[in-house]
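A.B. asks: Structure provided below as structure tokens; questions to follow.
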Amino acid sequence: MSECTHDCSSCGESCGERAQPQDLRKPANPHSHIKKVIAVASGKGGVGKSAVACTLAAAMAARGKKVGILDADITGPSVPQAFNIHRRALGDEDGILPAVTAGGIKLMSLNLLIEHETDPVVWRGPVIAGAVEQFWTDVVWGELDYLFVDMPPGTGDVPLTVFQSLPVDGVVIVTAPQALVGMIVTKAVHMAEMLQVPVLGIVENYSFFRCPDCGGEHPVFGPSTIDALAAELGLPVLAKLPIDRLLAQAVDEGRVEEYAPNPMAEVARTLDQP
């Protein structure tokens, strides 16, 4: 037997000191009743993850579901802007009350708590992770069919907190065509697998540009790598999304709920299966 590291999670020995894996999940606010928690992650920034998370939430709401978004990207929150929410969050004796969009989607983001939207959040990792945890324990989400968690890029404190502290039912991985992005996204997939969080599938954003004149599809960032990557990881491809200037404009102007046709409608249908 090798020297004990006291890390039972990575040890195959059966000894007297072996402990059962500790359940680190935190209880939700007593007034929150959430059926499913789905994280939207990327591993790398700049792949349009937040736009995918917001359009997915809007698509699910359009299916008649009660939906919320927890903006876990504490230092780069963008969800409120996509829904044209600029007011401060309120609270009562039960906890923090989420903002509600025009279409009825509940959301919580640090931008709803700071004095000015452009104020930087200069916090160390544990404090950031603690804020995300409070968005789960202190926010009165009420009755929700789906809570989508817009994750920050990378595999650091916040993704670890979300995967360990929240009862995440699955994660949608967002990538882009470049091979470098695929390599980094693979790290996010492996992190989810290490923490026993099911990966529901991969969405490739910026897959191609569709010419408005001829309708031809042009791979601006090179040939798609999603099929090979998904096959290597044993995951389904949920969608291949085009570069869409009008969608980007709708997100910038806070009209993501109004945008049609919603590019994530089919993904919402796929996820919303019994």
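Chain labels run A, B, ... following the order of the structure tokens; each chain numbers its residues from 1, and ligands are numbered from 1 in the order shown.
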If we count only C-alpha atoms and set the cut-off at 6 Å, which residues sit around segment 42-49 of chain A, ignoring sequence neighbours fewer than 2 positions away in its own chain? Please answer as a PyMOL selection string.
C.D. replies: chain A and resi 51-52+153-154+173-174+176+184-185+188
A.B. asks: Find the spatial neighbours of Ile105 of chain A, counting only C-alpha atoms, within a cut-off of 6 Å - ignore same-chain residues fewer than 3 positions away - and output them as an MDAnalysis selection string.
C.D. replies: chainID A and resid 67:68 100:101
A.B. asks: Between A:Gly130, A:Gly125, A:Pro177, A:Gly142, single out the one closest to Gly222 of chain A, counting only C-alpha atoms.
C.D. replies: A:Pro177
A.B. asks: Need the shell around segment 19-36 of chain A: protein/DNA/RNA residues with any atom at most 6 Å away, counting only C-alpha atoms. Skip same-chain ones fewer than 3 positions apart. Format as a PyMOL selection string?
C.D. replies: chain A and resi 136-138+140-146+164-166
A.B. asks: When distances are computed from only C-alpha atoms, which of A:Arg87, A:Thr55, A:Phe135, A:Leu271 shows the smallest separation from Glu115 of chain A?
C.D. replies: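 So, comparing all the options, the nearest one is A:Arg87.
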A.B. asks: Taking 5 positions as the minimum chain separation for residues in the same chain, which residues sit within 6 Å of Pro98 of chain A when counting only C-alpha atoms? Answer as a VMD selection string.
C.D. replies: chain A and resid 106 to 108
A.B. asks: Residues near segment 198-213 of chain A, anyone? I mean within 7 Å using only C-alpha atoms, not counting same-chain ones fewer than 3 positions away, as a compact mmCIF listing (two decimals) with N, CA, C and O atoms, in the first residue's frame.
C.D. replies:
# COMPACT_ATOMS: atom_id res chain seq x y z
N VAL A 47 -16.85 32.58 -26.93
CA VAL A 47 -17.53 31.68 -27.85
C VAL A 47 -19.04 31.92 -27.89
O VAL A 47 -19.78 31.15 -28.50
N GLY A 48 -19.50 32.97 -27.23
CA GLY A 48 -20.93 33.30 -27.26
C GLY A 48 -21.76 32.48 -26.29
O GLY A 48 -22.96 32.29 -26.50
N ASP A 169 -28.37 19.09 -12.86
CA ASP A 169 -28.87 17.90 -13.56
C ASP A 169 -28.10 17.63 -14.84
O ASP A 169 -28.14 16.51 -15.36
N GLY A 170 -27.43 18.64 -15.37
CA GLY A 170 -26.67 18.45 -16.60
C GLY A 170 -26.03 19.75 -17.05
O GLY A 170 -26.36 20.83 -16.55
N VAL A 171 -25.10 19.63 -17.97
CA VAL A 171 -24.40 20.80 -18.48
C VAL A 171 -24.38 20.76 -20.01
O VAL A 171 -24.18 19.71 -20.61
N VAL A 172 -24.64 21.92 -20.61
CA VAL A 172 -24.53 22.10 -22.05
C VAL A 172 -23.20 22.82 -22.31
O VAL A 172 -22.94 23.86 -21.72
N ILE A 173 -22.38 22.25 -23.18
CA ILE A 173 -21.07 22.82 -23.48
C ILE A 173 -21.13 23.60 -24.78
O ILE A 173 -21.65 23.11 -25.78
N VAL A 174 -20.63 24.83 -24.76
CA VAL A 174 -20.61 25.69 -25.95
C VAL A 174 -19.18 25.79 -26.46
O VAL A 174 -18.24 26.02 -25.69
N THR A 175 -19.02 25.60 -27.76
CA THR A 175 -17.70 25.67 -28.36
C THR A 175 -17.77 26.48 -29.66
O THR A 175 -18.81 26.99 -30.04
N ALA A 176 -16.63 26.61 -30.33
CA ALA A 176 -16.53 27.29 -31.61
C ALA A 176 -15.66 26.41 -32.51
O ALA A 176 -15.00 25.48 -32.04
N PRO A 177 -15.61 26.68 -33.82
CA PRO A 177 -14.96 25.75 -34.73
C PRO A 177 -13.46 25.54 -34.55
O PRO A 177 -12.94 24.50 -34.94
N VAL A 189 -15.41 19.56 -20.28
CA VAL A 189 -16.14 18.28 -20.31
C VAL A 189 -15.55 17.32 -19.29
O VAL A 189 -16.28 16.68 -18.51
N ALA A 192 -16.54 18.24 -15.73
CA ALA A 192 -17.90 17.81 -15.40
C ALA A 192 -17.93 16.31 -15.12
O ALA A 192 -18.58 15.86 -14.17
N GLU A 193 -17.22 15.55 -15.92
CA GLU A 193 -17.19 14.10 -15.72
C GLU A 193 -16.53 13.74 -14.39
O GLU A 193 -17.00 12.84 -13.69
N GLY A 216 -25.75 30.65 -49.34
CA GLY A 216 -24.63 29.74 -49.15
C GLY A 216 -24.05 29.85 -47.74
O GLY A 216 -24.10 30.91 -47.11
N GLU A 217 -23.50 28.74 -47.24
CA GLU A 217 -22.92 28.71 -45.90
C GLU A 217 -21.40 28.71 -46.01
O GLU A 217 -20.82 27.87 -46.71
N HIS A 218 -20.77 29.67 -45.33
CA HIS A 218 -19.33 29.85 -45.43
C HIS A 218 -18.69 29.69 -44.05
O HIS A 218 -19.03 30.43 -43.11
N PRO A 219 -17.77 28.73 -43.87
CA PRO A 219 -17.11 28.52 -42.57
C PRO A 219 -16.02 29.56 -42.33
O PRO A 219 -14.84 29.34 -42.61
N VAL A 220 -16.40 30.69 -41.78
CA VAL A 220 -15.49 31.82 -41.60
C VAL A 220 -14.29 31.45 -40.74
O VAL A 220 -13.16 31.87 -41.01
N SER A 224 -15.81 23.07 -39.65
CA SER A 224 -16.33 22.68 -38.34
C SER A 224 -15.59 21.46 -37.80
O SER A 224 -15.26 20.53 -38.53
N ILE A 226 -16.83 20.12 -34.81
CA ILE A 226 -17.72 19.67 -33.75
C ILE A 226 -18.04 18.19 -33.82
O ILE A 226 -18.12 17.49 -32.81
N LEU A 235 -20.36 12.41 -27.12
CA LEU A 235 -21.46 13.31 -26.77
C LEU A 235 -22.26 13.67 -28.02
O LEU A 235 -21.73 13.69 -29.13
N PRO A 236 -23.53 14.00 -27.85
CA PRO A 236 -24.33 14.43 -29.00
C PRO A 236 -24.06 15.89 -29.37
O PRO A 236 -23.72 16.70 -28.50
N VAL A 237 -24.20 16.20 -30.64
CA VAL A 237 -24.16 17.59 -31.10
C VAL A 237 -25.58 18.14 -31.02
O VAL A 237 -26.48 17.65 -31.72
N LEU A 238 -25.80 19.13 -30.18
CA LEU A 238 -27.14 19.68 -29.99
C LEU A 238 -27.50 20.70 -31.07
O LEU A 238 -28.67 20.81 -31.47
N ALA A 239 -26.50 21.47 -31.54
CA ALA A 239 -26.79 22.49 -32.54
C ALA A 239 -25.50 23.00 -33.15
O ALA A 239 -24.44 22.97 -32.51
N LYS A 240 -25.61 23.46 -34.39
CA LYS A 240 -24.53 24.20 -35.06
C LYS A 240 -25.12 25.56 -35.42
O LYS A 240 -25.97 25.66 -36.31
N LEU A 241 -24.70 26.59 -34.71
CA LEU A 241 -25.31 27.91 -34.85
C LEU A 241 -24.49 28.79 -35.77
O LEU A 241 -23.26 28.85 -35.67
N PRO A 242 -25.14 29.53 -36.66
CA PRO A 242 -24.41 30.43 -37.56
C PRO A 242 -24.00 31.73 -36.88
O PRO A 242 -24.49 32.06 -35.80
N ILE A 243 -23.10 32.43 -37.50
CA ILE A 243 -22.81 33.81 -37.11
C ILE A 243 -24.05 34.64 -37.48
O ILE A 243 -24.46 34.64 -38.64
A.B. asks: As number ranges by chain, please: every residue in segment 91-162 of chain A that a backbone DSSP assignment puts in strand (DSSP E).
C.D. replies: A: 91-92, 95-97, 99-100, 106-108, 142-150
A.B. asks: So which residues of segment 108-259 of chain A fall under alpha helix (DSSP H) by DSSP, listed as an NGL selection string?
C.D. replies: :A and (125-137 or 157-165 or 179-194 or 226-233 or 245-252)
A.B. asks: Using only C-alpha atoms, pick whichever of A:Leu229, A:Ala39, A:Ala131, A:Leu110 has the shortest atom-to-atom distance to Pro159 of chain A.
C.D. replies: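 Closest to Pro159 of chain A of all the choices is A:Ala39.
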